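Asker: To be precise about what I am sending: the file is called my_file-v3.cif and holds mmCIF, C-alpha atoms.
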```cif
data_protein
#
loop_
_atom_site.label_atom_id
_atom_site.label_comp_id
_atom_site.auth_asym_id
_atom_site.auth_seq_id
_atom_site.Cartn_x
_atom_site.Cartn_y
_atom_site.Cartn_z
CA MET A 1 8.76 -7.88 -3.11
CA ASN A 2 10.42 -10.58 -0.99
CA THR A 3 7.45 -11.44 1.18
CA SER A 4 9.14 -14.57 2.53
CA ALA A 5 11.87 -12.40 4.08
CA VAL A 6 9.20 -10.21 5.67
CA ALA A 7 7.44 -13.23 7.12
CA GLN A 8 10.70 -14.59 8.57
CA ALA A 9 11.43 -11.25 10.22
CA THR A 10 7.96 -10.92 11.73
CA PRO A 11 6.44 -14.41 12.10
CA SER A 12 2.72 -14.56 12.78
CA VAL A 13 0.22 -17.37 13.02
CA HIS A 14 -2.16 -15.06 11.14
CA ALA A 15 0.09 -14.59 8.09
CA PHE A 16 -0.95 -15.99 4.74
CA THR A 17 1.17 -18.57 3.02
CA GLN A 18 3.89 -17.14 0.81
CA GLU A 19 1.90 -18.09 -2.31
CA ALA A 20 -1.20 -16.29 -1.03
CA ARG A 21 0.79 -13.21 0.00
CA ASP A 22 2.48 -13.03 -3.37
CA ALA A 23 -0.93 -13.21 -5.07
CA VAL A 24 -2.19 -10.26 -3.03
CA TYR A 25 0.82 -8.14 -3.90
CA HIS A 26 0.64 -9.22 -7.54
CA ALA A 27 -2.95 -7.95 -7.72
CA ILE A 28 -1.90 -4.64 -6.18
CA PHE A 29 1.12 -4.03 -8.42
CA SER A 30 -0.46 -5.25 -11.68
CA ARG A 31 -3.80 -3.43 -11.25
CA ARG A 32 -4.33 -0.83 -13.96
CA ASP A 33 -6.89 1.80 -14.90
CA VAL A 34 -8.15 0.23 -18.14
CA ARG A 35 -9.56 2.40 -20.91
CA GLY A 36 -9.06 0.91 -24.34
CA GLN A 37 -8.43 -2.83 -24.03
CA PHE A 38 -11.93 -4.10 -23.25
CA LEU A 39 -13.24 -7.21 -24.98
CA SER A 40 -16.90 -7.81 -25.77
CA THR A 41 -16.90 -11.05 -23.75
CA PRO A 42 -19.77 -10.90 -21.21
CA VAL A 43 -18.91 -10.93 -17.52
CA PRO A 44 -20.65 -13.98 -15.98
CA ASP A 45 -23.00 -13.26 -13.10
CA GLU A 46 -21.06 -15.57 -10.79
CA VAL A 47 -17.91 -13.48 -11.38
CA LEU A 48 -19.77 -10.19 -11.01
CA SER A 49 -21.29 -11.51 -7.79
CA ARG A 50 -17.82 -12.18 -6.37
CA LEU A 51 -16.71 -8.63 -7.22
CA LEU A 52 -19.72 -7.02 -5.60
CA THR A 53 -19.42 -9.26 -2.55
CA ALA A 54 -15.77 -8.24 -2.20
CA ALA A 55 -16.77 -4.59 -2.48
CA HIS A 56 -19.48 -5.05 0.14
CA HIS A 57 -16.88 -6.43 2.56
CA ALA A 58 -14.82 -3.24 2.48
CA PRO A 59 -14.17 -1.46 5.78
CA SER A 60 -16.62 1.32 6.63
CA VAL A 61 -16.59 3.84 9.43
CA GLY A 62 -19.20 2.99 12.05
CA PHE A 63 -20.01 -0.11 9.97
CA MET A 64 -22.49 2.12 8.15
CA GLN A 65 -21.90 0.41 4.76
CA PRO A 66 -22.97 3.53 2.86
CA TRP A 67 -22.57 2.10 -0.61
CA ASN A 68 -24.95 1.00 -3.35
CA PHE A 69 -23.96 -0.49 -6.70
CA VAL A 70 -25.74 0.48 -9.92
CA VAL A 71 -24.98 -2.26 -12.47
CA VAL A 72 -25.19 -0.88 -16.02
CA ARG A 73 -25.59 -3.20 -19.00
CA SER A 74 -28.18 -1.40 -21.14
CA PRO A 75 -26.72 0.23 -24.29
CA ASP A 76 -29.16 3.12 -23.86
CA THR A 77 -28.00 3.79 -20.31
CA LYS A 78 -24.36 3.53 -21.36
CA ARG A 79 -25.01 6.07 -24.10
CA ARG A 80 -26.51 8.52 -21.59
CA VAL A 81 -23.50 8.08 -19.33
CA TYR A 82 -21.13 8.54 -22.28
CA ASP A 83 -22.90 11.72 -23.37
CA ALA A 84 -22.45 13.14 -19.86
CA PHE A 85 -18.76 12.23 -20.02
CA ALA A 86 -18.27 13.71 -23.50
CA LYS A 87 -19.62 17.08 -22.41
CA ALA A 88 -17.37 17.29 -19.36
CA HIS A 89 -14.40 15.92 -21.32
CA ALA A 90 -14.64 18.74 -23.87
CA GLU A 91 -14.81 21.28 -21.06
CA ALA A 92 -11.81 19.72 -19.34
CA ALA A 93 -9.68 19.92 -22.50
CA ALA A 94 -10.13 23.69 -22.55
CA LEU A 95 -8.55 23.94 -19.09
CA PHE A 96 -5.17 22.80 -20.42
CA GLU A 97 -2.90 24.83 -22.69
CA GLY A 98 -0.51 24.16 -25.54
CA ASP A 99 1.12 20.74 -25.72
CA ARG A 100 -0.64 19.69 -22.55
CA ARG A 101 -4.03 20.19 -24.20
CA ALA A 102 -2.94 18.30 -27.32
CA THR A 103 -1.76 15.39 -25.17
CA TYR A 104 -4.97 15.42 -23.15
CA GLN A 105 -7.10 15.28 -26.28
CA LYS A 106 -5.22 12.19 -27.47
CA LEU A 107 -5.76 10.29 -24.23
CA LYS A 108 -8.38 7.55 -24.06
CA LEU A 109 -9.98 8.25 -20.69
CA GLU A 110 -12.97 5.89 -20.65
CA GLY A 111 -14.42 2.64 -21.93
CA ILE A 112 -18.06 3.35 -21.19
CA ILE A 113 -19.51 1.93 -24.40
CA GLU A 114 -16.93 -0.82 -25.01
CA SER A 115 -16.95 -2.40 -21.56
CA PRO A 116 -19.62 -5.08 -21.04
CA VAL A 117 -20.55 -3.76 -17.59
CA GLY A 118 -20.55 -0.41 -15.86
CA ILE A 119 -20.78 -0.19 -12.08
CA CYS A 120 -21.54 3.06 -10.33
CA VAL A 121 -20.56 2.98 -6.65
CA THR A 122 -22.51 5.50 -4.59
CA CYS A 123 -22.60 6.77 -1.02
CA ASP A 124 -25.78 7.24 1.04
CA ARG A 125 -24.58 9.75 3.63
CA GLU A 126 -27.69 9.35 5.75
CA ARG A 127 -27.79 5.55 5.82
CA THR A 128 -27.48 5.11 9.59
CA GLY A 129 -28.66 8.51 10.74
CA PRO A 130 -26.93 11.79 11.57
CA VAL A 131 -24.63 10.44 14.32
CA VAL A 132 -22.25 7.68 13.25
CA VAL A 133 -19.49 6.08 15.29
CA GLY A 134 -16.17 7.38 13.95
CA ARG A 135 -17.80 10.11 11.85
CA THR A 136 -18.78 12.44 14.66
CA HIS A 137 -16.02 14.91 13.78
CA MET A 138 -14.71 13.97 10.33
CA LYS A 139 -17.90 14.03 8.30
CA THR A 140 -16.27 12.83 5.08
CA MET A 141 -15.41 9.40 6.46
CA ASP A 142 -18.50 7.90 4.83
CA LEU A 143 -17.21 9.01 1.41
CA TYR A 144 -13.82 7.47 2.12
CA SER A 145 -15.53 4.24 3.17
CA SER A 146 -17.20 4.00 -0.23
CA VAL A 147 -13.82 4.49 -1.88
CA CYS A 148 -12.61 1.44 0.06
CA ALA A 149 -15.41 -0.53 -1.63
CA VAL A 150 -14.08 0.65 -5.00
CA GLN A 151 -10.59 -0.57 -4.17
CA ASN A 152 -11.84 -3.96 -2.96
CA LEU A 153 -13.78 -4.42 -6.19
CA TRP A 154 -10.80 -3.34 -8.29
CA LEU A 155 -8.36 -5.78 -6.72
CA ALA A 156 -10.87 -8.62 -6.86
CA ALA A 157 -11.43 -7.84 -10.54
CA ARG A 158 -7.70 -8.00 -11.24
CA ALA A 159 -7.53 -11.40 -9.55
CA GLU A 160 -10.37 -12.55 -11.84
CA GLY A 161 -8.52 -11.33 -14.95
CA LEU A 162 -10.89 -8.40 -15.40
CA GLY A 163 -9.97 -4.82 -16.14
CA VAL A 164 -11.51 -1.82 -14.42
CA GLY A 165 -11.49 1.81 -15.52
CA TRP A 166 -12.56 4.63 -13.20
CA VAL A 167 -14.30 7.43 -15.12
CA SER A 168 -14.44 10.65 -13.11
CA ILE A 169 -14.94 13.33 -15.77
CA PHE A 170 -18.60 14.15 -15.17
CA HIS A 171 -20.78 16.88 -13.80
CA GLN A 172 -22.16 15.07 -10.78
CA ALA A 173 -25.74 16.13 -11.45
CA GLU A 174 -25.59 14.87 -15.04
CA LEU A 175 -24.27 11.46 -13.99
CA GLN A 176 -27.04 11.29 -11.40
CA GLU A 177 -29.61 12.11 -14.07
CA ALA A 178 -28.21 9.51 -16.49
CA LEU A 179 -28.51 6.79 -13.83
CA GLY A 180 -31.60 8.04 -12.00
CA ILE A 181 -29.61 8.56 -8.78
CA PRO A 182 -31.53 10.65 -6.21
CA GLU A 183 -30.16 14.05 -5.27
CA GLY A 184 -29.24 12.94 -1.75
CA ILE A 185 -27.05 10.06 -2.95
CA THR A 186 -23.44 10.85 -3.90
CA PRO A 187 -21.86 9.09 -6.91
CA ILE A 188 -18.36 8.00 -5.91
CA ALA A 189 -17.07 6.17 -8.97
CA TYR A 190 -18.32 5.08 -12.37
CA LEU A 191 -16.34 1.92 -13.17
CA CYS A 192 -16.01 0.27 -16.58
CA VAL A 193 -15.58 -3.47 -16.06
CA GLY A 194 -14.73 -6.30 -18.43
CA PHE A 195 -12.23 -8.81 -19.74
CA VAL A 196 -9.31 -7.22 -21.57
CA SER A 197 -6.86 -8.02 -24.35
CA HIS A 198 -3.91 -7.12 -22.10
CA PHE A 199 -2.81 -5.10 -19.10
CA HIS A 200 -0.21 -2.40 -19.55
CA ALA A 201 3.09 -2.82 -17.71
CA LYS A 202 2.62 0.59 -16.09
CA PRO A 203 -0.12 3.23 -15.92
CA GLU A 204 -0.85 4.86 -19.26
CA LEU A 205 -0.44 8.38 -17.89
CA GLU A 206 3.02 7.40 -16.73
CA THR A 207 3.81 5.86 -20.12
CA VAL A 208 2.88 8.99 -22.09
CA GLY A 209 4.88 11.18 -19.72
CA TRP A 210 1.92 12.98 -18.18
CA LEU A 211 3.33 12.42 -14.68
CA PRO A 212 6.02 10.16 -13.20
CA ARG A 213 5.57 7.79 -10.27
CA LEU A 214 6.82 9.58 -7.17
CA PRO A 215 9.51 7.85 -5.09
CA VAL A 216 7.72 6.48 -2.03
CA GLU A 217 10.62 7.38 0.25
CA ASP A 218 10.01 11.07 -0.56
CA LEU A 219 6.44 10.76 0.69
CA VAL A 220 7.16 9.33 4.14
CA TYR A 221 7.65 11.60 7.16
CA PHE A 222 8.50 10.66 10.74
CA ASP A 223 6.43 11.86 13.71
CA GLN A 224 5.74 15.32 12.24
CA TRP A 225 4.65 16.57 8.82
CA GLY A 226 7.63 17.38 6.62
CA GLN A 227 10.14 15.69 8.93
CA ARG A 228 12.31 13.38 6.86
CA ASP A 229 15.07 11.13 8.04
CA ASP A 230 16.90 9.28 5.29
CA GLN A 231 18.95 7.42 7.89
CA GLN A 232 15.92 5.53 9.13
CA PRO A 233 16.22 1.81 8.22
CA LEU A 234 12.67 1.97 6.82
CA ILE A 235 13.88 4.21 3.97
CA ALA A 236 16.27 1.56 2.68
CA HIS A 237 13.48 -1.03 2.82
CA LEU A 238 11.17 1.30 0.88
CA GLN A 239 13.76 1.86 -1.82
CA ARG A 240 14.38 -1.88 -2.12
CA ASP A 241 10.69 -2.79 -2.29
CA GLN A 242 9.91 -0.04 -4.79
CA ALA A 243 12.69 -1.38 -7.03
CA ALA A 244 11.27 -4.90 -6.66
CA ALA A 245 7.82 -3.63 -7.62
CA GLN A 246 9.33 -1.98 -10.70
CA ARG A 247 11.02 -5.22 -11.71
CA GLY A 248 7.70 -7.00 -11.27
CA ARG A 249 6.00 -4.51 -13.57
CA GLU A 250 8.66 -5.05 -16.22
CA ALA A 251 8.18 -8.82 -15.92
CA ILE A 252 4.45 -8.38 -16.64
CA ALA A 253 5.31 -6.62 -19.88
#
```
Please, can you express the file's structure as structure tokens?

Answerer:
Amino acid sequence: MNTSAVAQATPSVHAFTQEARDAVYHAIFSRRDVRGQFLSTPVPDEVLSRLLTAAHHAPSVGFMQPWNFVVVRSPDTKRRVYDAFAKAHAEAAALFEGDRRATYQKLKLEGIIESPVGICVTCDRERTGPVVVGRTHMKTMDLYSSVCAVQNLWLAARAEGLGVGWVSIFHQAELQEALGIPEGITPIAYLCVGFVSHFHAKPELETVGWLPRLPVEDLVYFDQWGQRDDQQPLIAHLQRDQAAAQRGREAIA
């Protein structure tokens, strides 16, 4: 993405330098869901501290900061988490049919045991009481806020050279039991974190043909749901920037 051209078109005293902007976009476009490339190298506490601090500075509705972070290093705890995954994973495979099931069963969908650190991000939906600024009508905004913490952590990890893998194939109650999470606290994401041998040029599910990346210009409507306008100048910019992002991915490989 030509961020210098963007800056020239819309100058701002608040804009980052070109080098800083490019670093932000590089983290976004090169971030991957890592499953099988984890190294045994420990994650230093000073690095882990930076990741958790970045997560804690995520936006949250009503500034309620509903998250907690369960840091998992114990092999016994990892094994309990893995066992919960394995049960749900076997059940999930049965939901697919034919070639789709065979492909699913070949996928590596977690790095629970291999990754040096697991981090479970949770949401305490009662943290600041029943009435929260910005959540008075859309009650799920606290859950979305915790997801923002996940994204902050993920991008910070990529900048540190760390891989992150989000494992979501669990029965919620069994993950809570494995980590001793109280019933009233909602697990949002179990993240496998660690240094990696490499990052894939594109998501693994895209590589194996499970699903393609959708063209961003097909996902943008104007003023009303479903209202497209391919003559809008924004569409040409989207097509150009998506192509630039693709070239950047190929350069990583």

Asker: For the structure shown, which residues end up in the PyMOL selection byres ((chain A and resi 33) around 10)? Put them as a PDB file with C-alpha atoms, keeping the file's coordinate frame, please?

Answerer:
```
ATOM      1  CA  ARG A  31      -3.800  -3.430 -11.250  1.00  0.00           C
ATOM      2  CA  ARG A  32      -4.330  -0.830 -13.960  1.00  0.00           C
ATOM      3  CA  VAL A  34      -8.150   0.230 -18.140  1.00  0.00           C
ATOM      4  CA  ARG A  35      -9.560   2.400 -20.910  1.00  0.00           C
ATOM      5  CA  GLY A  36      -9.060   0.910 -24.340  1.00  0.00           C
ATOM      6  CA  LEU A 109      -9.980   8.250 -20.690  1.00  0.00           C
ATOM      7  CA  GLU A 110     -12.970   5.890 -20.650  1.00  0.00           C
ATOM      8  CA  TRP A 154     -10.800  -3.340  -8.290  1.00  0.00           C
ATOM      9  CA  GLY A 163      -9.970  -4.820 -16.140  1.00  0.00           C
ATOM     10  CA  VAL A 164     -11.510  -1.820 -14.420  1.00  0.00           C
ATOM     11  CA  GLY A 165     -11.490   1.810 -15.520  1.00  0.00           C
ATOM     12  CA  TRP A 166     -12.560   4.630 -13.200  1.00  0.00           C
ATOM     13  CA  VAL A 167     -14.300   7.430 -15.120  1.00  0.00           C
ATOM     14  CA  LEU A 191     -16.340   1.920 -13.170  1.00  0.00           C
ATOM     15  CA  CYS A 192     -16.010   0.270 -16.580  1.00  0.00           C
ATOM     16  CA  PHE A 199      -2.810  -5.100 -19.100  1.00  0.00           C
ATOM     17  CA  HIS A 200      -0.210  -2.400 -19.550  1.00  0.00           C
ATOM     18  CA  LYS A 202       2.620   0.590 -16.090  1.00  0.00           C
ATOM     19  CA  PRO A 203      -0.120   3.230 -15.920  1.00  0.00           C
ATOM     20  CA  GLU A 204      -0.850   4.860 -19.260  1.00  0.00           C
ATOM     21  CA  LEU A 205      -0.440   8.380 -17.890  1.00  0.00           C
TER      22      LEU A 205
END
```

Asker: Measuring atom to atom with only C-alpha atoms, identify which of A:Gln227, A:Glu91, A:Pro130, A:Cys148 is nearest to Phe170 in chain A.

Answerer: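 Among the listed residues, A:Glu91 lies closest to Phe170 in chain A.
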
Asker: For Glu46 in chain A, which residue among A:Phe29, A:Glu160, A:Lys108, A:Phe69 is the nearest when counting all atoms listed in the file?

Answerer: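 Looking only at the distances to Glu46 in chain A, the closest residue turns out to be A:Glu160.
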
Asker: Give me the result of the PyMOL selection byres ((chain A and resi 75-80) around 9) on this file, residue by residue, as a PyMOL selection string.

Answerer: chain A and resi 72-74+81-85+112-113+118+175+177-179

Asker: Which one of A:Arg240, A:Arg100, A:His171, A:Arg125 sits closest to Leu211 in chain A if you count all atoms listed in the file?

Answerer: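 Looking at the shortest contact to Leu211 in chain A, the residue is A:Arg100.
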
Asker: Just checking: using all atoms listed in the file, which residue out of A:Tyr25, A:Val71, A:Ala20, A:Ala88 ends up closest to Glu174 in chain A?

Answerer: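 The shortest atom-to-atom distance to Glu174 in chain A comes from A:Ala88.
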
Asker: Out of A:Leu95, A:His89, A:Val117, A:Val13, which residue has the shortest atom-to-atom distance to Asp45 in chain A when counting all atoms listed in the file?

Answerer: A:Val117

Asker: Find, counting all atoms listed in the file, the residue in A:Val216, A:Val147, A:Leu39, A:Ala93 that gets nearest to Ala236 in chain A.

Answerer: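 Ranking A:Val216, A:Val147, A:Leu39, A:Ala93 by distance to Ala236 in chain A, first place goes to A:Val216.
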
Asker: Calculate how many Å separate CA of Glu126 in chain A from CA of Ser168 in chain A, rounding to one decimal.

Answerer: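 Straight-line distance from CA of Glu126 in chain A to CA of Ser168 in chain A works out to 23.1 Å.
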
Asker: Spell out the residues picked by the PyMOL selection byres ((chain A and resi 141) around 12) here, as a list in words.

Answerer: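 Checking the PyMOL selection byres ((chain A and resi 141) around 12) against this file, the residues are Pro59, Ser60, Val61, Gly62, Phe63, Met64, Gln65, Pro66, Cys123, Asp124, Arg125, Val132, Val133, Gly134, Arg135, Thr136, His137, Met138, Lys139, Thr140, Asp142, Leu143, Tyr144, Ser145, Ser146, Val147 and Cys148 of chain A.
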
Asker: Got a sec: who's within 10 Å of Thr53 in chain A, counting all atoms listed in the file, leaving out chain neighbours fewer than 4 positions off, as an MDAnalysis selection string?

Answerer: chainID A and resid 47:49 57:58 149 152:153 156

Asker: Would you write out those residues with C-alpha atoms, as a PDB file, in the coordinates of the input?

Answerer:
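The new file result-v6.pdb reads:
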```pdb
ATOM      1  CA  VAL A  47     -17.910 -13.480 -11.380  1.00  0.00           C
ATOM      2  CA  LEU A  48     -19.770 -10.190 -11.010  1.00  0.00           C
ATOM      3  CA  SER A  49     -21.290 -11.510  -7.790  1.00  0.00           C
ATOM      4  CA  HIS A  57     -16.880  -6.430   2.560  1.00  0.00           C
ATOM      5  CA  ALA A  58     -14.820  -3.240   2.480  1.00  0.00           C
ATOM      6  CA  ALA A 149     -15.410  -0.530  -1.630  1.00  0.00           C
ATOM      7  CA  ASN A 152     -11.840  -3.960  -2.960  1.00  0.00           C
ATOM      8  CA  LEU A 153     -13.780  -4.420  -6.190  1.00  0.00           C
ATOM      9  CA  ALA A 156     -10.870  -8.620  -6.860  1.00  0.00           C
TER      10      ALA A 156
END
```

Asker: Using all atoms listed in the file, which protein or nucleic acid residues come within 8 Å of Ser40 in chain A? Drop anything in the same chain fewer than 3 positions from it, and give the result as a compact mmCIF listing (two decimals) with C-alpha atoms, in the frame of the given file.

Answerer:
```
# COMPACT_ATOMS: atom_id res chain seq x y z
CA GLU A 114 -16.93 -0.82 -25.01
CA SER A 115 -16.95 -2.40 -21.56
CA PRO A 116 -19.62 -5.08 -21.04
CA GLY A 194 -14.73 -6.30 -18.43
CA PHE A 195 -12.23 -8.81 -19.74
```

Asker: How far is it from CA of Ile185 in chain A to CA of Val131 in chain A, in Å with one decimal?

Answerer: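 Distance reported for this atom pair: 17.4 Å.
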
Asker: Work out how far apart CA of Pro187 in chain A and CA of Gln151 in chain A are and give it in Å to one decimal.

Answerer: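 Separating CA of Pro187 in chain A from CA of Gln151 in chain A is a distance of 15.1 Å.
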
Asker: Go ahead and fit an axis-aligned box to every listed atom of range 173-183 of chain A plus 5 Å each side, and pass me the centre and edge lengths in Å, one decimal, as lines of an AutoDock Vina configuration file.

Answerer:
```
center_x = -27.9
center_y = 11.5
center_z = -10.9
size_x = 17.3
size_y = 19.3
size_z = 21.2
```

Asker: Taking all heavy atoms as the atom set, what does range 49-59 of chain A look like once completed, written as a compact mmCIF listing (two decimals), keeping the file's coordinate frame?

Answerer:
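Final file, result-v3.txt:
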```
# COMPACT_ATOMS: atom_id res chain seq x y z
N SER A 49 -20.86 -11.34 -9.18
CA SER A 49 -21.29 -11.51 -7.79
C SER A 49 -20.09 -11.51 -6.84
O SER A 49 -20.13 -10.89 -5.77
CB SER A 49 -22.07 -12.83 -7.64
OG SER A 49 -22.37 -13.08 -6.29
N ARG A 50 -19.00 -12.15 -7.22
CA ARG A 50 -17.82 -12.18 -6.37
C ARG A 50 -17.23 -10.77 -6.22
O ARG A 50 -16.78 -10.39 -5.13
CB ARG A 50 -16.78 -13.16 -6.92
CG ARG A 50 -17.18 -14.62 -6.78
CD ARG A 50 -16.00 -15.56 -6.95
NE ARG A 50 -15.48 -15.60 -8.30
CZ ARG A 50 -15.87 -16.45 -9.25
NH1 ARG A 50 -16.85 -17.33 -9.00
NH2 ARG A 50 -15.32 -16.44 -10.44
N LEU A 51 -17.24 -10.00 -7.30
CA LEU A 51 -16.71 -8.63 -7.22
C LEU A 51 -17.54 -7.76 -6.29
O LEU A 51 -17.00 -7.03 -5.45
CB LEU A 51 -16.68 -7.99 -8.61
CG LEU A 51 -15.90 -8.68 -9.72
CD1 LEU A 51 -15.83 -7.77 -10.94
CD2 LEU A 51 -14.52 -9.08 -9.27
N LEU A 52 -18.85 -7.84 -6.44
CA LEU A 52 -19.72 -7.02 -5.60
C LEU A 52 -19.68 -7.46 -4.14
O LEU A 52 -19.75 -6.63 -3.22
CB LEU A 52 -21.16 -7.07 -6.13
CG LEU A 52 -21.35 -6.44 -7.53
CD1 LEU A 52 -22.77 -6.67 -8.03
CD2 LEU A 52 -21.03 -4.95 -7.51
N THR A 53 -19.54 -8.76 -3.93
CA THR A 53 -19.42 -9.26 -2.55
C THR A 53 -18.13 -8.77 -1.92
O THR A 53 -18.09 -8.37 -0.75
CB THR A 53 -19.49 -10.79 -2.53
OG1 THR A 53 -20.73 -11.21 -3.10
CG2 THR A 53 -19.38 -11.33 -1.10
N ALA A 54 -17.04 -8.77 -2.71
CA ALA A 54 -15.77 -8.24 -2.20
C ALA A 54 -15.90 -6.76 -1.86
O ALA A 54 -15.41 -6.30 -0.82
CB ALA A 54 -14.67 -8.46 -3.24
N ALA A 55 -16.57 -6.02 -2.73
CA ALA A 55 -16.77 -4.59 -2.48
C ALA A 55 -17.59 -4.37 -1.21
O ALA A 55 -17.29 -3.48 -0.40
CB ALA A 55 -17.46 -3.94 -3.68
N HIS A 56 -18.60 -5.19 -1.02
CA HIS A 56 -19.48 -5.05 0.14
C HIS A 56 -18.76 -5.40 1.45
O HIS A 56 -19.22 -5.02 2.53
CB HIS A 56 -20.71 -5.94 -0.03
CG HIS A 56 -21.72 -5.81 1.05
ND1 HIS A 56 -22.20 -4.60 1.50
CD2 HIS A 56 -22.34 -6.76 1.82
CE1 HIS A 56 -23.08 -4.80 2.46
NE2 HIS A 56 -23.18 -6.10 2.68
N HIS A 57 -17.64 -6.10 1.36
CA HIS A 57 -16.88 -6.43 2.56
C HIS A 57 -15.73 -5.46 2.82
O HIS A 57 -14.81 -5.74 3.59
CB HIS A 57 -16.35 -7.87 2.47
CG HIS A 57 -17.40 -8.88 2.82
ND1 HIS A 57 -18.44 -9.17 1.98
CD2 HIS A 57 -17.58 -9.65 3.93
CE1 HIS A 57 -19.23 -10.10 2.55
NE2 HIS A 57 -18.73 -10.39 3.73
N ALA A 58 -15.81 -4.29 2.21
CA ALA A 58 -14.82 -3.24 2.48
C ALA A 58 -15.03 -2.69 3.89
O ALA A 58 -16.13 -2.77 4.45
CB ALA A 58 -14.97 -2.12 1.46
N PRO A 59 -14.00 -2.12 4.47
CA PRO A 59 -14.17 -1.46 5.78
C PRO A 59 -15.02 -0.21 5.63
O PRO A 59 -14.95 0.48 4.61
CB PRO A 59 -12.74 -1.11 6.19
CG PRO A 59 -11.99 -1.01 4.90
CD PRO A 59 -12.61 -2.02 3.98
```
